[in-house]
$ cat coords-v4.cif   # mmCIF, C-alpha atoms
data_run
loop_
_atom_site.label_atom_id
_atom_site.label_comp_id
_atom_site.auth_asym_id
_atom_site.auth_seq_id
_atom_site.Cartn_x
_atom_site.Cartn_y
_atom_site.Cartn_z
CA MET A 1 118.06 109.31 74.54
CA THR A 2 117.77 110.52 78.14
CA ARG A 3 115.35 108.81 80.53
CA GLY A 4 112.98 111.77 80.25
CA MET A 5 112.99 111.60 76.43
CA ILE A 6 112.26 107.85 76.33
CA LEU A 7 109.51 108.24 78.96
CA GLN A 8 107.88 111.05 76.98
CA ARG A 9 107.83 108.88 73.85
CA LEU A 10 106.53 105.89 75.80
CA ASP A 11 103.75 108.06 77.25
CA ALA A 12 102.77 109.24 73.76
CA VAL A 13 102.88 105.81 72.08
CA GLN A 14 101.11 104.05 74.94
CA PHE A 15 98.46 106.78 75.01
CA ALA A 16 97.73 106.18 71.32
CA MET A 17 97.60 102.41 71.92
CA TRP A 18 95.25 102.80 74.87
CA GLU A 19 92.90 105.16 73.03
CA LEU A 20 92.66 102.64 70.19
CA HIS A 21 92.17 99.80 72.68
CA LEU A 22 89.19 101.54 74.36
CA TYR A 23 87.78 102.50 70.94
CA MET A 24 87.97 98.87 69.81
CA ASP A 25 86.02 97.74 72.90
CA THR A 26 82.97 99.39 71.32
CA HIS A 27 84.12 99.02 67.65
CA PRO A 28 85.64 95.51 67.70
CA ASP A 29 85.47 95.03 63.93
CA ASP A 30 87.33 98.19 62.91
CA LEU A 31 90.34 96.73 61.10
CA ALA A 32 91.87 100.13 60.34
CA ALA A 33 92.04 100.81 64.09
CA LEU A 34 93.62 97.39 64.64
CA SER A 35 96.35 97.96 62.07
CA LEU A 36 97.09 101.39 63.54
CA TYR A 37 97.28 99.72 66.96
CA LYS A 38 99.83 97.21 65.65
CA LYS A 39 101.97 100.01 64.28
CA TYR A 40 102.12 101.69 67.68
CA GLU A 41 102.65 98.35 69.40
CA GLU A 42 105.82 97.83 67.38
CA MET A 43 107.11 101.27 68.37
CA ASN A 44 106.23 100.54 71.99
CA GLU A 45 108.16 97.25 72.06
CA LYS A 46 111.32 98.97 70.88
CA LEU A 47 110.96 101.81 73.39
CA VAL A 48 110.29 99.42 76.31
CA CYS A 49 113.45 97.44 75.43
CA GLU A 50 115.49 100.61 75.16
CA TYR A 51 114.15 101.91 78.48
CA GLU A 52 114.62 98.64 80.40
CA GLU A 53 118.18 98.16 79.12
CA GLN A 54 119.26 101.54 80.41
CA PHE A 55 117.01 102.36 83.36
CA GLY A 56 115.71 99.10 84.83
CA PRO A 57 112.43 97.19 84.65
CA LEU A 58 109.10 98.82 83.78
CA TYR A 59 107.21 95.64 84.78
CA GLY A 60 107.63 93.77 88.09
CA ASN A 61 108.28 90.42 86.43
CA SER A 62 111.00 91.53 84.05
CA ASP A 63 113.84 91.97 86.60
CA PRO A 64 112.92 91.66 90.31
CA GLY A 65 115.19 92.64 93.19
CA ALA A 66 117.62 95.53 93.32
CA SER A 67 116.92 96.95 89.85
CA TRP A 68 113.13 96.83 90.35
CA LEU A 69 113.51 98.63 93.69
CA LYS A 70 115.75 101.37 92.31
CA ASN A 71 114.57 104.99 92.69
CA PRO A 72 112.90 107.00 91.32
CA TRP A 73 109.38 105.55 91.65
CA PRO A 74 106.72 107.09 89.40
CA TRP A 75 105.33 109.48 92.05
CA ASP A 76 108.78 110.80 93.05
CA LEU A 77 109.72 114.24 91.80
CA GLY A 78 111.40 113.52 88.46
CA GLY A 79 110.09 109.95 88.52
CA SER A 80 107.67 110.39 85.64
CA CYS A 81 109.61 112.72 83.35
CA MET B 82 95.12 89.67 87.74
CA PHE B 83 96.94 92.92 87.46
CA VAL B 84 100.55 93.72 86.56
CA TYR B 85 102.10 96.99 87.67
CA GLU B 86 103.82 99.26 85.18
CA LYS B 87 106.44 101.45 86.87
CA LYS B 88 105.43 104.73 85.22
CA LEU B 89 102.53 107.18 85.34
CA GLN B 90 100.03 107.46 82.47
CA TYR B 91 100.93 111.16 82.17
CA PRO B 92 103.87 112.90 83.89
CA VAL B 93 103.52 114.71 87.22
CA LYS B 94 106.37 117.08 88.05
CA ILE B 95 105.43 119.84 90.49
CA THR B 96 108.18 122.31 91.29
CA ASN B 97 106.41 124.34 93.99
CA PRO B 98 104.70 122.56 96.91
CA ASN B 99 101.29 124.02 97.82
CA PRO B 100 99.33 122.40 100.67
CA LYS B 101 96.15 124.34 99.86
CA TYR B 102 96.04 122.80 96.37
CA ALA B 103 96.70 119.35 97.88
CA GLN B 104 93.74 119.80 100.20
CA ILE B 105 91.47 120.53 97.21
CA ILE B 106 92.84 117.87 94.85
CA ILE B 107 92.65 115.04 97.44
CA SER B 108 88.91 114.98 96.60
CA GLN B 109 89.75 113.23 93.32
CA TYR B 110 91.58 110.55 95.35
CA GLY B 111 88.83 109.70 97.85
CA GLY B 112 85.92 112.07 97.25
CA PRO B 113 82.41 111.21 96.00
CA ASP B 114 83.37 111.62 92.31
CA GLY B 115 87.02 110.63 92.62
CA GLU B 116 89.21 108.02 90.94
CA LEU B 117 89.01 105.38 93.69
CA GLY B 118 85.21 105.29 93.47
CA ALA B 119 85.38 105.28 89.68
CA SER B 120 87.72 102.32 89.62
CA LEU B 121 85.76 100.25 92.16
CA ARG B 122 82.47 101.12 90.47
CA TYR B 123 83.54 99.76 87.07
CA LEU B 124 85.61 96.83 88.32
CA SER B 125 82.65 95.72 90.51
CA GLN B 126 79.92 96.26 87.92
CA ARG B 127 81.70 94.21 85.27
CA TYR B 128 80.79 90.84 86.86
CA SER B 129 77.12 91.24 86.01
CA MET B 130 77.71 92.61 82.50
CA PRO B 131 76.21 90.19 79.98
CA PHE B 132 78.02 91.12 76.73
CA PRO B 133 81.73 90.73 75.95
CA GLU B 134 82.11 94.35 74.72
CA LEU B 135 80.83 95.57 78.10
CA LYS B 136 82.94 93.16 80.15
CA GLY B 137 85.96 94.50 78.25
CA LEU B 138 84.97 98.15 78.47
CA LEU B 139 84.34 98.09 82.23
CA THR B 140 87.56 96.16 82.88
CA ASP B 141 89.63 98.54 80.75
CA VAL B 142 88.15 101.80 82.03
CA GLY B 143 88.31 100.48 85.63
CA VAL B 144 92.00 99.71 85.20
CA GLU B 145 92.70 103.12 83.65
CA GLU B 146 91.02 104.75 86.68
CA LEU B 147 93.55 102.99 88.94
CA GLY B 148 96.25 104.71 86.91
CA HIS B 149 94.46 108.02 87.47
CA LEU B 150 94.27 107.32 91.22
CA GLU B 151 98.04 106.95 91.13
CA MET B 152 98.46 110.27 89.29
CA ILE B 153 96.29 112.09 91.86
CA GLY B 154 98.31 110.46 94.66
CA ALA B 155 101.52 111.68 92.98
CA ILE B 156 100.13 115.23 92.67
CA VAL B 157 99.11 115.34 96.37
CA TYR B 158 102.41 113.79 97.43
CA GLN B 159 104.49 116.31 95.48
CA LEU B 160 102.36 119.27 96.62
CA THR B 161 102.95 118.40 100.30
CA ARG B 162 106.71 117.87 100.41
CA ASN B 163 109.05 119.93 102.64
CA LEU B 164 106.28 121.77 104.50
CA THR B 165 106.95 123.83 107.63
CA PRO B 166 104.45 123.97 110.54
CA GLU B 167 103.86 127.66 109.68
CA GLU B 168 102.93 126.84 106.04
CA ILE B 169 100.63 124.08 107.26
CA LYS B 170 98.79 126.41 109.64
CA ARG B 171 98.61 129.33 107.20
CA SER B 172 97.28 127.25 104.29
CA GLY B 173 94.50 125.53 106.21
CA PHE B 174 96.12 122.12 105.58
CA ASP B 175 96.31 121.69 109.38
CA THR B 176 92.96 119.87 109.60
CA TYR B 177 94.22 117.17 107.19
CA PHE B 178 97.72 117.16 108.68
CA VAL B 179 96.58 116.41 112.23
CA ASP B 180 95.01 113.12 111.12
CA HIS B 181 97.35 111.99 108.31
CA THR B 182 100.57 114.09 108.51
CA THR B 183 101.48 114.15 104.78
CA GLY B 184 100.30 110.60 104.10
CA VAL B 185 97.95 110.22 101.12
CA TYR B 186 94.51 109.18 102.46
CA PRO B 187 91.28 108.63 100.48
CA THR B 188 89.02 111.44 101.62
CA ALA B 189 86.89 114.20 100.11
CA ALA B 190 88.18 117.77 100.39
CA SER B 191 85.33 118.37 102.85
CA GLY B 192 86.83 115.74 105.21
CA MET B 193 84.40 112.87 104.52
CA PRO B 194 86.46 109.64 104.23
CA TRP B 195 85.97 107.58 101.06
CA THR B 196 82.72 105.65 101.19
CA ALA B 197 81.12 103.06 98.92
CA ALA B 198 77.88 104.99 99.51
CA SER B 199 79.00 107.34 96.72
CA MET B 200 78.87 104.59 94.07
CA GLN B 201 76.53 101.85 92.91
CA SER B 202 76.70 98.40 91.35
CA LYS B 203 73.08 97.66 90.53
CA GLY B 204 73.22 94.45 88.53
CA ASP B 205 71.21 95.99 85.68
CA LEU B 206 73.14 97.04 82.61
CA ILE B 207 71.04 100.06 81.59
CA THR B 208 71.15 101.35 85.17
CA ASP B 209 74.88 100.73 85.61
CA LEU B 210 75.90 102.22 82.25
CA SER B 211 73.72 105.28 82.89
CA GLU B 212 75.32 105.67 86.33
CA ASN B 213 78.74 105.49 84.71
CA MET B 214 77.95 108.20 82.17
CA ALA B 215 76.79 110.45 85.02
CA ALA B 216 79.87 109.54 87.08
CA GLU B 217 82.19 110.61 84.25
CA GLN B 218 80.42 113.97 84.00
CA LYS B 219 80.54 114.47 87.79
CA ALA B 220 84.28 113.82 87.74
CA ARG B 221 84.67 116.19 84.77
CA THR B 222 82.85 118.94 86.73
CA THR B 223 85.14 118.33 89.73
CA TYR B 224 88.20 118.72 87.48
CA ASP B 225 86.68 121.90 86.03
CA ASN B 226 86.27 123.20 89.59
CA ILE B 227 89.87 122.31 90.44
CA LEU B 228 90.99 124.22 87.32
CA ARG B 229 88.99 127.24 88.54
CA LEU B 230 90.95 127.20 91.82
CA VAL B 231 94.48 126.27 90.70
CA ASP B 232 96.85 128.59 88.78
CA ASP B 233 100.12 126.62 88.75
CA PRO B 234 100.68 125.13 85.24
CA ASP B 235 102.65 122.19 86.76
CA VAL B 236 99.43 121.16 88.50
CA ARG B 237 96.99 122.21 85.77
CA GLU B 238 98.58 120.12 82.99
CA PRO B 239 98.00 116.66 84.56
CA ILE B 240 94.57 117.81 85.84
CA LYS B 241 93.63 118.87 82.28
CA PHE B 242 94.74 115.46 81.00
CA LEU B 243 92.54 113.70 83.59
CA ARG B 244 89.60 115.97 82.74
CA GLU B 245 89.83 114.97 79.09
CA ARG B 246 89.84 111.29 79.98
CA GLU B 247 86.44 111.73 81.66
CA ILE B 248 85.05 113.00 78.36
CA VAL B 249 86.50 110.05 76.42
CA HIS B 250 85.13 107.56 78.95
CA PHE B 251 81.70 109.23 78.77
CA GLN B 252 81.78 108.73 75.01
CA ARG B 253 82.77 105.05 75.31
CA PHE B 254 80.09 104.34 77.94
CA GLY B 255 77.51 106.00 75.68
CA GLU B 256 78.56 103.65 72.89
CA GLY B 257 78.40 100.76 75.37
CA LEU B 258 74.81 101.67 76.25
CA ARG B 259 73.92 101.80 72.54
CA LEU B 260 75.56 98.41 71.93
CA ALA B 261 73.56 97.02 74.86
CA THR B 262 70.21 98.35 73.72
CA ASP B 263 70.90 97.14 70.15
CA LYS B 264 70.99 93.61 71.57
CA MET B 265 67.87 94.03 73.71
CA ASP B 266 64.12 94.03 73.03
CA CYS B 267 63.69 97.16 70.89
CA LYS B 268 59.98 97.41 71.81
CA ASN B 269 60.72 97.60 75.53
CA PHE B 270 64.32 97.78 76.79
CA TYR B 271 63.04 97.41 80.34
CA ALA B 272 61.03 94.22 79.83
CA PHE B 273 64.05 92.03 80.46
CA ASN B 274 67.34 92.61 82.34
CA PRO B 275 69.97 90.44 80.59
CA SER B 276 72.18 90.73 83.69
CA PHE B 277 69.60 88.72 85.70
CA ASP B 278 66.61 87.39 83.76
CA LYS B 279 67.27 84.16 81.88
#
$ encode --input "coords-v4.cif" --output "structure tokens"
Amino acid sequence: MTRGMILQRLDAVQFAMWELHLYMDTHPDDLAALSLYKKYEEMNEKLVCEYEEQFGPLYGNSDPGASWLKNPWPWDLGGSC
Amino acid sequence: MFVYEKKLQYPVKITNPNPKYAQIIISQYGGPDGELGASLRYLSQRYSMPFPELKGLLTDVGVEELGHLEMIGAIVYQLTRNLTPEEIKRSGFDTYFVDHTTGVYPTAASGMPWTAASMQSKGDLITDLSENMAAEQKARTTYDNILRLVDDPDVREPIKFLREREIVHFQRFGEGLRLATDKMDCKNFYAFNPSFDK
């Protein structure tokens, strides 16, 4: 997958996770939401690994230094897709 | 603590710079109903929240607003690249440019710099949650106004995403208020402020 394709999938999966996360703040006992969350979490883990292997760290602690500093940054043109 | 994730919540890729749009959209960076105020409002209010659901909700929405601040910054940044002095004068961006060049600065479109006077942290959960529901609607109206003024789909798509988030947050804060009142004195919610009275 290209960087843009992985990013698009990450955006989608993380959006679903985040929506469920906020929902569970006010519905903490909804087990169906929790199991759906876990499904997306699994997909997210795979995508993060795939992204970081090819394009450098998504999180500051995973690989500091030159690969963390590498362009593009998220606000750069082409940085977020 | 916070850990940075090196991506936006939703992509921003603007092909055509437009300083006039930047001058309007900067209001959601540092204006009275913008993302900076939203984030500081929730992240400050959470300390006096008495129930775990509300501590979580204010933390999570406050953090998401920081992600939205970053998206607005990216939109303004991309709208103001490669400008000529003529474009700056013609568009009316000159009044911003003289003070900040093309740096991203937290200000309202009207020129008022960001001020904590546009937000509140009252230490009373009914008051704070009601403020937050109003704040989400004020931000939604601002995004509606931006959509009335901006034609470029590259700019409209991320703005539409942010507008929808205001509606979701309004819903969650409404549920938060209901959760709070469910735990309070049902004969008189105002008899006792669980954020302060022991």
$ resolve_selection --input "coords-v4.cif" --expression "the PyMOL selection byres ((chain B) within 8 of (chain A))" --output "PyMOL selection string"
chain B and resi 84-95+134-135+137-138+141-142+151-152+154-156+158-159+253+256-257+260
$ resolve_selection --input "coords-v4.cif" --expression "the PyMOL selection byres ((chain B and resi 245) around 12)" --output "ChimeraX atom specification"
/A:19 /B:149,217-218,220-222,224-225,238-244,246-252
$ resolve_selection --input "coords-v4.cif" --expression "the PyMOL selection byres ((chain B and resi 183-200) around 7)" --output "PDB file with C-alpha atoms, in the frame of the given file"
ATOM      1  CA  GLN B 104      93.740 119.800 100.200  1.00  0.00           C
ATOM      2  CA  ILE B 105      91.470 120.530  97.210  1.00  0.00           C
ATOM      3  CA  ILE B 107      92.650 115.040  97.440  1.00  0.00           C
ATOM      4  CA  SER B 108      88.910 114.980  96.600  1.00  0.00           C
ATOM      5  CA  TYR B 110      91.580 110.550  95.350  1.00  0.00           C
ATOM      6  CA  GLY B 111      88.830 109.700  97.850  1.00  0.00           C
ATOM      7  CA  GLY B 112      85.920 112.070  97.250  1.00  0.00           C
ATOM      8  CA  PRO B 113      82.410 111.210  96.000  1.00  0.00           C
ATOM      9  CA  GLY B 118      85.210 105.290  93.470  1.00  0.00           C
ATOM     10  CA  ARG B 122      82.470 101.120  90.470  1.00  0.00           C
ATOM     11  CA  GLY B 154      98.310 110.460  94.660  1.00  0.00           C
ATOM     12  CA  TYR B 158     102.410 113.790  97.430  1.00  0.00           C
ATOM     13  CA  THR B 161     102.950 118.400 100.300  1.00  0.00           C
ATOM     14  CA  PHE B 178      97.720 117.160 108.680  1.00  0.00           C
ATOM     15  CA  HIS B 181      97.350 111.990 108.310  1.00  0.00           C
ATOM     16  CA  THR B 182     100.570 114.090 108.510  1.00  0.00           C
ATOM     17  CA  GLN B 201      76.530 101.850  92.910  1.00  0.00           C
TER      18      GLN B 201
END
$ residues_around --input "coords-v4.cif" --residues "A:Ile6" --least-positions-apart "5" --cutoff "7 Å" --atoms "all atoms listed in the file" --output "PyMOL selection string"
chain A and resi 1+47+51
$ residues_near_point --input "coords-v4.cif" --point "(96.4, 98.0, 65.4)" --cutoff "12 Å" --atoms "only C-alpha atoms" --output "list in words"
Ala16, Met17, Trp18, Glu19, Leu20, His21, Tyr23, Met24, Pro28, Asp29, Asp30, Leu31, Ala32, Ala33, Leu34, Ser35, Leu36, Tyr37, Lys38, Lys39, Tyr40, Glu41, Glu42 and Met43 of chain A
$ atom_distance --input "coords-v4.cif" --atom1 "atom CA of B:Leu210" --atom2 "atom CA of B:Thr262"
11.0 Å
$ atom_distance --input "coords-v4.cif" --atom1 "atom CA of B:Ile207" --atom2 "atom CA of B:Ala272"
11.7 Å
$ atom_distance --input "coords-v4.cif" --atom1 "atom CA of B:Met214" --atom2 "atom CA of B:Phe277"
21.5 Å
$ closest_residue --input "coords-v4.cif" --among "A:Gly65, A:Asn71, A:Arg3, A:Arg9" --to "A:Asn44" --atoms "only C-alpha atoms"
A:Arg9
$ build_atoms --input "coords-v4.cif" --residues "stretch 163-177 of chain B" --atoms "N, CA and C atoms" --output "compact mmCIF listing (two decimals), keeping the file's coordinate frame"
# COMPACT_ATOMS: atom_id res chain seq x y z
N ASN B 163 108.25 118.88 101.98
CA ASN B 163 109.05 119.93 102.64
C ASN B 163 108.21 121.06 103.25
N LEU B 164 107.12 120.73 103.91
CA LEU B 164 106.28 121.77 104.50
C LEU B 164 106.78 122.13 105.90
N THR B 165 106.65 123.40 106.25
CA THR B 165 106.95 123.83 107.63
C THR B 165 105.63 123.92 108.40
N PRO B 166 105.68 123.82 109.74
CA PRO B 166 104.45 123.97 110.54
C PRO B 166 103.73 125.30 110.24
N GLU B 167 104.49 126.35 109.97
CA GLU B 167 103.86 127.66 109.68
C GLU B 167 103.05 127.58 108.38
N GLU B 168 103.65 126.98 107.33
CA GLU B 168 102.93 126.84 106.04
C GLU B 168 101.66 126.01 106.23
N ILE B 169 101.77 124.98 107.04
CA ILE B 169 100.63 124.08 107.26
C ILE B 169 99.49 124.83 107.93
N LYS B 170 99.83 125.65 108.93
CA LYS B 170 98.79 126.41 109.64
C LYS B 170 98.19 127.48 108.73
N ARG B 171 99.06 128.20 108.03
CA ARG B 171 98.61 129.33 107.20
C ARG B 171 97.71 128.86 106.05
N SER B 172 98.01 127.70 105.48
CA SER B 172 97.28 127.25 104.29
C SER B 172 95.93 126.61 104.62
N GLY B 173 95.72 126.26 105.87
CA GLY B 173 94.50 125.53 106.21
C GLY B 173 94.65 124.02 106.06
N PHE B 174 95.86 123.56 105.71
CA PHE B 174 96.12 122.12 105.58
C PHE B 174 96.18 121.44 106.95
N ASP B 175 96.15 122.24 108.02
CA ASP B 175 96.31 121.69 109.38
C ASP B 175 95.24 120.65 109.75
N THR B 176 94.03 120.81 109.22
CA THR B 176 92.96 119.87 109.60
C THR B 176 93.19 118.49 108.98
N TYR B 177 93.83 118.44 107.81
CA TYR B 177 94.22 117.17 107.19
C TYR B 177 95.47 116.63 107.90
